[in-house]
$ cat data.cif   # mmCIF, C-alpha atoms
data_final
loop_
_atom_site.label_atom_id
_atom_site.label_comp_id
_atom_site.auth_asym_id
_atom_site.auth_seq_id
_atom_site.Cartn_x
_atom_site.Cartn_y
_atom_site.Cartn_z
CA MET Q 1 22.75 -2.71 -8.00
CA ASP Q 2 23.89 -0.81 -4.89
CA PRO Q 3 21.43 -1.65 -2.04
CA ARG Q 4 21.39 1.98 -0.91
CA THR Q 5 20.30 3.11 -4.38
CA VAL Q 6 17.53 0.50 -4.44
CA LYS Q 7 16.27 1.71 -1.06
CA ARG Q 8 16.27 5.34 -2.22
CA ALA Q 9 14.34 4.36 -5.34
CA VAL Q 10 11.78 2.49 -3.24
CA ILE Q 11 11.28 5.42 -0.85
CA ALA Q 12 11.02 7.94 -3.69
CA SER Q 13 8.39 5.80 -5.44
CA ALA Q 14 6.38 5.12 -2.29
CA MET Q 15 6.24 8.85 -1.50
CA GLY Q 16 4.07 9.43 -4.56
CA ASN Q 17 1.60 6.77 -3.47
CA ALA Q 18 1.60 8.24 0.03
CA THR Q 19 0.78 11.67 -1.40
CA GLU Q 20 -2.04 10.25 -3.53
CA TRP Q 21 -3.63 8.36 -0.66
CA TYR Q 22 -3.12 11.17 1.83
CA ASP Q 23 -5.54 13.08 -0.41
CA TYR Q 24 -8.11 10.26 -0.29
CA GLY Q 25 -7.66 9.87 3.46
CA VAL Q 26 -8.50 13.54 3.98
CA PHE Q 27 -11.32 13.75 1.44
CA THR Q 28 -13.20 10.69 2.68
CA SER Q 29 -12.90 11.11 6.46
CA GLY Q 30 -16.30 11.75 8.01
CA ALA Q 31 -15.73 15.29 9.29
CA ILE Q 32 -13.91 16.62 6.22
CA ALA Q 33 -16.26 14.87 3.77
CA THR Q 34 -19.20 16.57 5.50
CA ALA Q 35 -17.45 19.95 5.48
CA ILE Q 36 -16.46 19.73 1.79
CA GLY Q 37 -19.97 18.73 0.73
CA THR Q 38 -21.41 21.60 2.76
CA VAL Q 39 -19.08 24.50 1.88
CA PHE Q 40 -18.80 23.77 -1.85
CA PHE Q 41 -22.22 22.22 -2.57
CA PRO Q 42 -24.76 23.72 -0.15
CA GLY Q 43 -28.44 22.91 -0.37
CA GLU Q 44 -30.49 19.75 -0.14
CA GLY Q 45 -28.93 16.32 -0.34
CA ASN Q 46 -26.45 14.24 1.63
CA ALA Q 47 -23.23 16.25 2.14
CA VAL Q 48 -21.10 13.09 2.47
CA LEU Q 49 -22.46 11.67 -0.78
CA LYS Q 50 -21.66 14.96 -2.52
CA SER Q 51 -18.07 14.78 -1.28
CA LEU Q 52 -17.68 11.15 -2.37
CA ALA Q 53 -19.05 12.09 -5.79
CA LEU Q 54 -16.34 14.77 -6.00
CA VAL Q 55 -13.71 12.11 -5.31
CA ALA Q 56 -15.26 9.84 -7.95
CA ILE Q 57 -15.20 12.58 -10.60
CA GLY Q 58 -11.41 12.67 -10.45
CA PHE Q 59 -11.40 9.03 -11.51
CA VAL Q 60 -13.19 9.81 -14.77
CA VAL Q 61 -9.99 11.27 -16.23
CA ARG Q 62 -7.56 8.75 -14.76
CA PRO Q 63 -7.54 6.51 -17.86
CA PHE Q 64 -6.69 9.55 -19.98
CA GLY Q 65 -3.86 10.39 -17.59
CA GLY Q 66 -2.63 6.79 -17.83
CA ALA Q 67 -2.83 6.85 -21.63
CA PHE Q 68 -0.90 10.14 -21.70
CA PHE Q 69 1.75 9.72 -19.01
CA GLY Q 70 2.28 5.95 -19.36
CA PRO Q 71 3.51 5.84 -22.97
CA LEU Q 72 5.34 9.12 -22.31
CA GLY Q 73 7.21 7.36 -19.50
CA ASP Q 74 8.16 4.59 -21.92
CA LYS Q 75 9.54 7.22 -24.31
CA LEU Q 76 11.15 9.85 -22.03
CA GLY Q 77 11.90 7.74 -18.97
CA ARG Q 78 10.20 6.88 -15.70
CA GLN Q 79 11.99 9.47 -13.54
CA LYS Q 80 11.03 12.56 -15.58
CA VAL Q 81 7.34 11.70 -15.75
CA LEU Q 82 7.14 10.77 -12.06
CA ALA Q 83 8.58 14.17 -11.12
CA ILE Q 84 5.70 15.85 -12.97
CA THR Q 85 2.94 13.65 -11.55
CA ILE Q 86 3.88 14.04 -7.87
CA LEU Q 87 4.07 17.83 -8.21
CA LEU Q 88 0.66 18.00 -9.89
CA MET Q 89 -0.97 15.67 -7.34
CA SER Q 90 0.28 17.44 -4.25
CA GLY Q 91 -0.25 20.90 -5.74
CA CYS Q 92 -3.92 20.22 -6.55
CA THR Q 93 -4.62 18.87 -3.06
CA PHE Q 94 -2.94 21.92 -1.52
CA LEU Q 95 -4.94 24.32 -3.69
CA VAL Q 96 -8.25 22.80 -2.58
CA GLY Q 97 -7.42 24.13 0.88
CA CYS Q 98 -6.89 27.61 -0.59
CA LEU Q 99 -10.18 27.85 -2.46
CA PRO Q 100 -12.95 30.30 -1.59
CA THR Q 101 -16.27 28.66 -0.71
CA TYR Q 102 -19.76 28.88 -2.18
CA ALA Q 103 -21.15 31.13 0.56
CA GLY Q 104 -19.91 33.04 3.62
CA GLY Q 105 -17.30 35.72 4.13
CA TYR Q 106 -14.73 34.22 1.75
CA ALA Q 107 -17.05 33.16 -1.07
CA ILE Q 108 -17.40 33.30 -4.86
CA GLY Q 109 -20.69 31.47 -5.33
CA ILE Q 110 -20.91 29.06 -8.26
CA GLY Q 111 -17.20 29.59 -9.02
CA ALA Q 112 -16.26 27.60 -5.90
CA PRO Q 113 -17.66 24.20 -6.97
CA ILE Q 114 -16.35 24.77 -10.50
CA LEU Q 115 -12.81 25.39 -9.22
CA VAL Q 116 -12.81 22.42 -6.84
CA LEU Q 117 -14.12 20.23 -9.67
CA LEU Q 118 -11.34 21.46 -11.98
CA LEU Q 119 -8.67 20.70 -9.36
CA ARG Q 120 -10.08 17.20 -8.84
CA LEU Q 121 -9.93 16.58 -12.59
CA ILE Q 122 -6.28 17.73 -12.81
CA GLN Q 123 -5.43 15.69 -9.74
CA GLY Q 124 -7.11 12.60 -11.24
CA PHE Q 125 -5.34 13.08 -14.57
CA SER Q 126 -1.91 13.27 -12.91
CA THR Q 127 -2.69 10.34 -10.62
CA GLY Q 128 -3.37 8.30 -13.76
CA GLY Q 129 0.33 8.52 -14.57
CA GLU Q 130 1.64 8.07 -11.03
CA TYR Q 131 0.88 4.55 -9.86
CA GLY Q 132 2.01 2.62 -12.91
CA GLY Q 133 5.23 4.63 -13.07
CA ALA Q 134 5.99 4.24 -9.37
CA ALA Q 135 5.43 0.47 -9.48
CA THR Q 136 7.54 0.20 -12.64
CA PHE Q 137 10.30 2.26 -11.01
CA ILE Q 138 10.53 -0.08 -8.01
CA ALA Q 139 10.24 -3.27 -10.06
CA GLU Q 140 13.00 -2.22 -12.45
CA TYR Q 141 15.34 -1.26 -9.60
CA ALA Q 142 14.67 -4.27 -7.32
CA PRO Q 143 16.78 -7.46 -7.43
CA THR Q 144 14.86 -10.37 -8.96
CA ARG Q 145 14.81 -12.51 -5.84
CA ARG Q 146 13.61 -9.62 -3.64
CA ARG Q 147 11.19 -7.93 -6.03
CA GLY Q 148 8.23 -8.99 -3.90
CA PHE Q 149 9.75 -7.55 -0.74
CA PHE Q 150 10.71 -4.22 -2.27
CA GLY Q 151 7.52 -4.02 -4.35
CA SER Q 152 5.41 -4.29 -1.18
CA PHE Q 153 6.67 -0.88 -0.07
CA LEU Q 154 4.67 0.76 -2.86
CA GLU Q 155 1.49 -0.14 -0.98
CA PHE Q 156 3.19 0.55 2.33
CA GLY Q 157 3.24 4.09 0.94
CA THR Q 158 -0.51 3.85 0.24
CA LEU Q 159 -1.27 2.86 3.82
CA THR Q 160 1.16 5.44 5.22
CA GLY Q 161 -0.48 8.23 3.25
CA TYR Q 162 -3.96 7.16 4.23
CA VAL Q 163 -3.08 6.78 7.90
CA LEU Q 164 -1.34 10.16 7.86
CA GLY Q 165 -4.43 11.75 6.29
CA ASN Q 166 -6.66 10.26 8.97
CA VAL Q 167 -4.26 11.24 11.76
CA VAL Q 168 -4.15 14.86 10.55
CA VAL Q 169 -7.96 14.96 10.29
CA LEU Q 170 -8.28 13.41 13.75
CA ALA Q 171 -5.91 16.03 15.16
CA VAL Q 172 -7.97 18.80 13.56
CA THR Q 173 -11.32 17.48 14.79
CA LEU Q 174 -9.95 17.03 18.33
CA SER Q 175 -8.40 20.52 18.34
CA PHE Q 176 -11.34 22.51 16.99
CA THR Q 177 -15.11 22.60 17.40
CA ALA Q 178 -17.42 21.23 14.72
CA GLN Q 179 -18.33 24.80 13.79
CA GLN Q 180 -14.66 25.78 13.40
CA VAL Q 181 -13.96 22.71 11.26
CA GLU Q 182 -16.83 23.53 8.93
CA SER Q 183 -15.92 27.23 8.87
CA TRP Q 184 -12.16 27.13 8.19
CA ALA Q 185 -10.22 24.34 9.95
CA TRP Q 186 -11.16 21.83 7.20
CA ARG Q 187 -8.47 23.56 5.12
CA ILE Q 188 -5.56 22.51 7.37
CA PRO Q 189 -5.22 18.87 6.21
CA PHE Q 190 -5.08 19.98 2.57
CA PHE Q 191 -2.14 22.29 3.25
CA VAL Q 192 -0.03 19.35 4.47
CA ALA Q 193 -0.05 17.81 0.98
CA LEU Q 194 2.36 20.36 -0.49
CA PRO Q 195 5.37 19.59 1.73
CA LEU Q 196 4.71 15.86 1.19
CA GLY Q 197 4.88 16.35 -2.55
CA LEU Q 198 7.98 18.53 -2.39
CA VAL Q 199 9.84 15.91 -0.34
CA GLY Q 200 8.88 13.27 -2.90
CA LEU Q 201 9.96 15.51 -5.77
CA TYR Q 202 13.34 16.10 -4.13
CA LEU Q 203 13.92 12.37 -3.61
CA ARG Q 204 12.97 11.55 -7.20
CA SER Q 205 15.16 14.29 -8.65
CA LYS Q 206 18.22 12.76 -6.97
CA LEU Q 207 17.85 9.41 -8.74
CA GLU Q 208 18.85 8.32 -12.22
CA ASP Q 209 16.33 6.48 -14.35
CA THR Q 210 15.93 2.75 -13.82
CA PRO Q 211 18.65 0.33 -14.97
CA GLU Q 212 16.11 -1.33 -17.29
CA PHE Q 213 15.20 1.92 -19.03
CA GLN Q 214 18.88 2.84 -19.36
CA ARG Q 215 19.55 -0.59 -20.88
CA LEU Q 216 16.73 0.01 -23.36
CA GLU Q 217 18.20 3.39 -24.33
CA LYS Q 218 21.69 1.99 -24.86
CA SER Q 219 20.43 -0.92 -26.96
CA GLY Q 220 18.42 1.40 -29.21
CA GLU Q 221 15.17 -0.44 -28.42
CA LYS Q 222 13.50 2.54 -26.74
CA ALA Q 223 10.51 3.90 -28.62
CA GLU Q 224 11.10 7.16 -30.48
CA LYS Q 225 7.46 8.08 -30.05
CA ALA Q 226 5.13 7.34 -27.14
CA PRO Q 227 4.18 3.73 -28.09
CA LEU Q 228 0.44 3.85 -27.39
CA LYS Q 229 -0.51 1.80 -30.49
CA GLU Q 230 2.07 -0.89 -29.74
CA THR Q 231 0.94 -0.99 -26.12
CA LEU Q 232 -2.67 -1.68 -27.05
CA THR Q 233 -2.24 -3.97 -30.06
CA GLN Q 234 0.41 -6.31 -28.67
CA ASN Q 235 -0.55 -6.41 -25.00
CA TRP Q 236 -4.33 -6.14 -24.91
CA ARG Q 237 -4.88 -9.66 -23.56
CA MET Q 238 -2.62 -9.08 -20.57
CA ILE Q 239 -4.12 -5.61 -20.08
CA LEU Q 240 -7.55 -7.27 -19.81
CA ASN Q 241 -6.17 -9.68 -17.20
CA LEU Q 242 -4.83 -6.70 -15.30
CA VAL Q 243 -8.23 -4.97 -15.47
CA GLY Q 244 -9.90 -8.04 -13.97
CA ILE Q 245 -7.50 -8.33 -11.05
CA VAL Q 246 -7.48 -4.58 -10.37
CA LEU Q 247 -11.29 -4.71 -10.29
CA LEU Q 248 -11.13 -6.70 -7.04
CA LEU Q 249 -8.07 -4.91 -5.72
CA ASN Q 250 -9.58 -1.47 -6.03
CA ILE Q 251 -13.11 -2.33 -4.98
CA ALA Q 252 -11.60 -3.84 -1.82
CA ASP Q 253 -9.10 -1.00 -1.44
CA TYR Q 254 -11.57 1.83 -1.93
CA MET Q 255 -14.25 -0.01 0.01
CA LEU Q 256 -12.01 -0.13 3.07
CA LEU Q 257 -10.21 3.16 2.73
CA THR Q 258 -12.78 5.51 1.21
CA THR Q 259 -16.22 3.91 1.70
CA MET Q 260 -15.99 2.37 5.18
CA PRO Q 261 -15.24 5.66 7.00
CA THR Q 262 -18.53 7.10 5.79
CA TYR Q 263 -20.29 3.70 6.12
CA PHE Q 264 -19.35 3.65 9.80
CA THR Q 265 -20.52 7.20 10.46
CA ASP Q 266 -23.41 7.58 8.00
CA THR Q 267 -24.90 4.07 8.03
CA LEU Q 268 -23.78 2.50 11.32
CA LYS Q 269 -23.96 5.85 13.19
CA ILE Q 270 -20.54 5.54 14.82
CA ASN Q 271 -18.82 8.66 16.13
CA ASP Q 272 -16.39 10.26 13.63
CA ASN Q 273 -13.37 10.02 15.91
CA THR Q 274 -14.14 6.43 16.96
CA SER Q 275 -14.44 5.43 13.32
CA THR Q 276 -11.16 7.12 12.44
CA MET Q 277 -9.29 5.45 15.30
CA ILE Q 278 -10.60 1.98 14.33
CA ILE Q 279 -9.47 2.48 10.74
CA ILE Q 280 -6.04 3.79 11.78
CA GLY Q 281 -5.51 0.85 14.13
CA VAL Q 282 -6.36 -1.78 11.51
CA GLU Q 283 -4.22 -0.05 8.90
CA LEU Q 284 -1.23 -0.02 11.24
CA VAL Q 285 -1.59 -3.82 11.44
CA GLN Q 286 -1.67 -3.96 7.63
CA MET Q 287 1.52 -1.88 7.50
CA ALA Q 288 3.26 -4.31 9.86
CA LEU Q 289 2.29 -7.31 7.70
CA ILE Q 290 2.81 -6.03 4.18
CA ALA Q 291 6.60 -6.34 3.87
CA PRO Q 292 6.79 -9.87 5.39
CA LEU Q 293 4.02 -10.96 2.99
CA GLY Q 294 5.91 -9.41 0.07
CA ALA Q 295 9.00 -11.37 1.12
CA LEU Q 296 6.88 -14.53 1.40
CA SER Q 297 5.78 -14.08 -2.23
CA ASP Q 298 9.45 -14.17 -3.28
CA ARG Q 299 9.54 -17.73 -1.92
CA ILE Q 300 6.11 -19.19 -2.79
CA GLY Q 301 5.03 -16.94 -5.68
CA ARG Q 302 2.53 -14.12 -6.14
CA LYS Q 303 -0.46 -16.16 -7.36
CA PRO Q 304 -1.05 -18.15 -4.12
CA LEU Q 305 -1.52 -14.90 -2.18
CA LEU Q 306 -3.77 -13.38 -4.85
CA LEU Q 307 -5.96 -16.50 -5.03
CA THR Q 308 -6.24 -16.73 -1.23
CA ALA Q 309 -7.46 -13.13 -1.14
CA ALA Q 310 -10.03 -13.62 -3.91
CA ILE Q 311 -11.47 -16.83 -2.46
CA GLY Q 312 -11.43 -15.25 1.00
CA TYR Q 313 -13.55 -12.36 -0.21
CA ILE Q 314 -16.10 -14.71 -1.78
CA VAL Q 315 -16.45 -16.67 1.46
CA LEU Q 316 -15.90 -14.08 4.21
CA SER Q 317 -17.25 -10.73 2.96
CA TYR Q 318 -20.84 -11.33 4.09
CA PRO Q 319 -19.97 -12.64 7.59
CA SER Q 320 -17.54 -9.72 8.01
CA ILE Q 321 -20.19 -7.11 7.19
CA LYS Q 322 -22.61 -8.79 9.60
CA LEU Q 323 -20.00 -8.53 12.35
CA MET Q 324 -19.62 -4.82 11.59
CA GLN Q 325 -23.40 -4.37 11.83
CA SER Q 326 -23.67 -6.17 15.18
CA GLY Q 327 -23.70 -3.00 17.26
CA ASN Q 328 -20.68 -4.23 19.21
CA ILE Q 329 -17.49 -2.24 18.64
CA ALA Q 330 -15.24 -5.26 19.29
CA LEU Q 331 -17.09 -7.36 16.70
CA LEU Q 332 -17.03 -4.44 14.27
CA VAL Q 333 -13.24 -4.31 14.58
CA VAL Q 334 -13.00 -8.08 13.97
CA GLY Q 335 -15.19 -7.85 10.85
CA PHE Q 336 -13.27 -4.89 9.48
CA ALA Q 337 -9.94 -6.58 10.25
CA ILE Q 338 -10.90 -9.74 8.31
CA VAL Q 339 -11.61 -7.74 5.15
CA ALA Q 340 -8.47 -5.66 5.69
CA LEU Q 341 -6.22 -8.71 6.13
CA LEU Q 342 -7.51 -10.20 2.88
CA LEU Q 343 -6.72 -6.91 1.20
CA VAL Q 344 -3.15 -6.84 2.50
CA LEU Q 345 -2.51 -10.21 0.82
CA MET Q 346 -3.10 -8.42 -2.48
CA LEU Q 347 -1.39 -5.17 -1.57
CA ALA Q 348 1.78 -7.05 -0.66
CA VAL Q 349 2.27 -8.47 -4.16
CA ILE Q 350 0.75 -6.09 -6.72
CA GLY Q 351 3.84 -3.88 -6.85
CA SER Q 352 5.86 -6.87 -8.02
CA THR Q 353 3.14 -8.68 -10.00
CA PHE Q 354 1.69 -5.99 -12.26
CA PRO Q 355 4.92 -4.52 -13.75
CA ALA Q 356 6.15 -8.05 -14.46
CA MET Q 357 3.11 -8.70 -16.65
CA PHE Q 358 4.55 -6.52 -19.43
CA PRO Q 359 7.82 -6.12 -21.38
CA THR Q 360 10.10 -3.18 -20.61
CA ARG Q 361 9.47 -1.30 -23.85
CA VAL Q 362 5.77 -0.76 -23.06
CA ARG Q 363 5.66 -1.59 -19.33
CA TYR Q 364 4.76 1.84 -17.96
CA GLY Q 365 2.06 2.47 -20.57
CA SER Q 366 0.46 -0.99 -20.45
CA PHE Q 367 0.34 -0.95 -16.66
CA ALA Q 368 -0.96 2.62 -16.48
CA ILE Q 369 -3.72 2.10 -19.04
CA GLY Q 370 -5.05 -1.21 -17.67
CA TYR Q 371 -4.77 -0.15 -14.05
CA ASN Q 372 -6.46 3.21 -14.52
CA VAL Q 373 -9.30 1.98 -16.74
CA SER Q 374 -10.23 -0.55 -14.07
CA THR Q 375 -9.70 1.93 -11.24
CA SER Q 376 -11.81 4.57 -12.95
CA ILE Q 377 -14.75 2.27 -13.67
CA PHE Q 378 -14.78 0.18 -10.50
CA GLY Q 379 -12.57 1.71 -7.80
CA GLY Q 380 -13.28 5.42 -7.99
CA THR Q 381 -17.03 4.88 -8.21
CA CYS Q 382 -17.11 2.36 -5.35
CA GLY Q 383 -18.02 4.82 -2.60
CA VAL Q 384 -20.75 6.53 -4.58
CA VAL Q 385 -22.27 3.30 -5.95
CA VAL Q 386 -22.30 1.43 -2.63
CA THR Q 387 -23.60 4.43 -0.68
CA ALA Q 388 -26.31 5.06 -3.29
CA LEU Q 389 -27.32 1.36 -3.29
CA ILE Q 390 -27.60 1.38 0.48
CA HIS Q 391 -29.71 4.55 0.45
CA GLY Q 392 -31.80 3.40 -2.52
CA THR Q 393 -32.58 -0.14 -1.31
CA GLY Q 394 -32.35 0.22 2.45
CA ASN Q 395 -30.06 -2.85 2.47
CA ASN Q 396 -26.87 -2.27 4.45
CA ASP Q 397 -25.24 -5.46 3.11
CA TRP Q 398 -24.21 -3.99 -0.24
CA PRO Q 399 -20.51 -3.64 0.68
CA ALA Q 400 -20.38 -7.43 1.05
CA PHE Q 401 -22.26 -8.16 -2.18
CA TYR Q 402 -20.03 -5.80 -4.14
CA LEU Q 403 -16.87 -7.46 -2.82
CA MET Q 404 -18.14 -10.98 -3.50
CA ILE Q 405 -19.02 -10.21 -7.13
CA ALA Q 406 -15.64 -8.55 -7.72
CA ALA Q 407 -13.77 -11.50 -6.20
CA ALA Q 408 -15.64 -14.04 -8.33
CA ILE Q 409 -14.66 -12.12 -11.48
CA ALA Q 410 -11.01 -11.71 -10.41
CA VAL Q 411 -10.38 -15.43 -9.90
CA VAL Q 412 -10.30 -16.00 -13.68
CA PRO Q 413 -7.50 -13.54 -14.60
CA ILE Q 414 -5.50 -14.51 -11.50
CA LEU Q 415 -5.46 -18.10 -12.78
CA ARG Q 416 -4.52 -16.96 -16.31
CA ILE Q 417 -1.51 -14.76 -15.55
CA PRO Q 418 1.97 -16.33 -15.48
CA GLU Q 419 3.92 -16.69 -12.25
CA THR Q 420 6.87 -14.29 -12.51
CA ALA Q 421 8.22 -14.42 -8.95
CA ARG Q 422 11.68 -15.62 -9.98
CA VAL Q 423 11.79 -14.30 -13.55
CA PRO Q 424 14.27 -11.43 -14.15
CA ILE Q 425 12.29 -8.42 -15.27
CA ALA Q 426 14.65 -7.86 -18.22
CA GLN Q 427 13.66 -11.27 -19.63
CA ILE Q 428 9.95 -10.57 -19.85
CA GLU Q 429 9.06 -10.22 -23.50
CA VAL Q 430 5.88 -9.86 -25.56
CA GLN Q 431 2.72 -11.93 -25.43
CA THR Q 432 2.51 -14.87 -27.77
CA THR Q 433 -0.85 -16.69 -27.70
CA PRO Q 434 -3.94 -16.12 -25.54
CA SER Q 435 -3.07 -19.11 -23.38
CA ALA Q 436 0.66 -18.46 -23.17
CA GLY Q 437 0.42 -15.13 -21.42
CA LEU Q 438 4.00 -13.81 -21.51
CA ARG Q 439 7.07 -15.31 -23.07
CA THR Q 440 10.24 -15.10 -21.00
CA ALA Q 441 13.79 -16.02 -21.72
CA THR Q 442 13.60 -18.62 -18.97
CA SER Q 443 10.28 -20.23 -19.87
#
$ encode --input "data.cif" --output "structure tokens"
Amino acid sequence: MDPRTVKRAVIASAMGNATEWYDYGVFTSGAIATAIGTVFFPGEGNAVLKSLALVAIGFVVRPFGGAFFGPLGDKLGRQKVLAITILLMSGCTFLVGCLPTYAGGYAIGIGAPILVLLLRLIQGFSTGGEYGGAATFIAEYAPTRRRGFFGSFLEFGTLTGYVLGNVVVLAVTLSFTAQQVESWAWRIPFFVALPLGLVGLYLRSKLEDTPEFQRLEKSGEKAEKAPLKETLTQNWRMILNLVGIVLLLNIADYMLLTTMPTYFTDTLKINDNTSTMIIIGVELVQMALIAPLGALSDRIGRKPLLLTAAIGYIVLSYPSIKLMQSGNIALLVVGFAIVALLLVLMLAVIGSTFPAMFPTRVRYGSFAIGYNVSTSIFGGTCGVVVTALIHGTGNNDWPAFYLMIAAAIAVVPILRIPETARVPIAQIEVQTTPSAGLRTATS
């Protein structure tokens, strides 16, 4: 495969993840979360919690999006479906910025929360088909011995999108007064999503489908119908393993990227801009480390990094939260950085690990269904559940407890999955027995 083509495929795939996480970065930042909760859901109650609940609602439909777009990608091709999902994601985020509000000069009353809820549902549905397809696209383009390195750029896109969202919000909050942000300037970050999506759409439209999918078409093995039944009946054990690993991945991911911004401002009473700058700084460190760690996994395997992260969360989550609660900004940064560095161990390898858990014929669908079921139940609800537990119990340690429980569960499926670091993706076949995991042509 031409190296330039591989690089274009990686960039085109990562752009979708960047667009998705740009949306989360904007929605969960302290200032914008407060503004959204206020202008669309006025009245009594915590405005930040209302905004986080709006984010969580989009996750309810993600499994349905995965079940729809995933098998469709196995039937029609990865490239066609990914063009649809990135356009829907970016378009919905953009349209949130165009909506009239509940009250004020540009208002439609109860229609405003209904419309924003509808857009979040469409956005969540399309996102359900994005991540599995993007990871599959990279994995099927990447050379076997560098699949970890190239796969890491999928999550580099995640961090880029989230950092960009926070940077845009920071620029808005520094440029306008709090009154202006709540009145109209909250819309600006949402408008940026459309050009992001259009750039990603352009890049994806210039690429052919993956070599693996083309091989499947030429051999006549491609499913004539979207193979949802085959996906579930023949791969359910590996899908369950995926659900267990994604449980930790997304609780950690959403804890850091969507819960901690409001935890810092709402619970620890840190200034919005200070909180944003801390998060941006730590995420820039993650971005610097992710590709070298992906390359390391090509040499030592994916499972050592996944196990290190899981065990690290069991041991270090509680001390890290206590550092964040110390009242000292330097110690807060250290505590946050520890949790973030454990997360980057996972982020660096999931783009190469998860697609290689399934055979080509049902790869997109199996990945999308397992990933989105786990994300919907555990990841998307993380911010709401943790914030509600803190408010309900008065115990600020819940972020640590939640991470520790998730890590203890994830250790089991991490141990059960096969190591596929040096296995050509074309040689990954169907599951055999519960203990065998996957059968490959080289095993």
$ resolve_selection --input "data.cif" --expression "the PyMOL selection byres ((chain Q and resi 384) around 12)" --output "compact mmCIF listing (two decimals) with C-alpha atoms, in the coordinates of the input"
# COMPACT_ATOMS: atom_id res chain seq x y z
CA THR Q 28 -13.20 10.69 2.68
CA ASN Q 46 -26.45 14.24 1.63
CA VAL Q 48 -21.10 13.09 2.47
CA LEU Q 49 -22.46 11.67 -0.78
CA LYS Q 50 -21.66 14.96 -2.52
CA SER Q 51 -18.07 14.78 -1.28
CA LEU Q 52 -17.68 11.15 -2.37
CA ALA Q 53 -19.05 12.09 -5.79
CA LEU Q 54 -16.34 14.77 -6.00
CA VAL Q 55 -13.71 12.11 -5.31
CA ALA Q 56 -15.26 9.84 -7.95
CA ILE Q 57 -15.20 12.58 -10.60
CA PHE Q 59 -11.40 9.03 -11.51
CA ILE Q 251 -13.11 -2.33 -4.98
CA TYR Q 254 -11.57 1.83 -1.93
CA MET Q 255 -14.25 -0.01 0.01
CA THR Q 258 -12.78 5.51 1.21
CA THR Q 259 -16.22 3.91 1.70
CA MET Q 260 -15.99 2.37 5.18
CA THR Q 262 -18.53 7.10 5.79
CA TYR Q 263 -20.29 3.70 6.12
CA ILE Q 377 -14.75 2.27 -13.67
CA PHE Q 378 -14.78 0.18 -10.50
CA GLY Q 379 -12.57 1.71 -7.80
CA GLY Q 380 -13.28 5.42 -7.99
CA THR Q 381 -17.03 4.88 -8.21
CA CYS Q 382 -17.11 2.36 -5.35
CA GLY Q 383 -18.02 4.82 -2.60
CA VAL Q 385 -22.27 3.30 -5.95
CA VAL Q 386 -22.30 1.43 -2.63
CA THR Q 387 -23.60 4.43 -0.68
CA ALA Q 388 -26.31 5.06 -3.29
CA LEU Q 389 -27.32 1.36 -3.29
CA ILE Q 390 -27.60 1.38 0.48
CA HIS Q 391 -29.71 4.55 0.45
CA GLY Q 392 -31.80 3.40 -2.52
CA TRP Q 398 -24.21 -3.99 -0.24
CA PRO Q 399 -20.51 -3.64 0.68
$ closest_residue --input "data.cif" --among "Q:Gly30, Q:Gly312, Q:Pro418, Q:Pro143" --to "Q:Leu248" --atoms "all atoms listed in the file"
Q:Gly312
$ closest_residue --input "data.cif" --among "Q:Ala295, Q:Val81, Q:Leu118, Q:Val26" --to "Q:Leu257" --atoms "all atoms listed in the file"
Q:Val26
$ resolve_selection --input "data.cif" --expression "the PyMOL selection byres ((chain Q and resi 146-153) around 10)" --output "VMD selection string"
chain Q and resid 6 to 7 9 to 11 13 to 15 17 134 to 145 154 to 160 287 289 to 299 301 to 302 344 346 to 353 355 to 356 421 to 425
$ closest_residue --input "data.cif" --among "Q:Lys218, Q:Phe27, Q:Gly327, Q:Ile239" --to "Q:Lys269" --atoms "only C-alpha atoms"
Q:Gly327
$ atom_distance --input "data.cif" --atom1 "atom CA of Q:Val243" --atom2 "atom CA of Q:Phe125"
18.3 Å
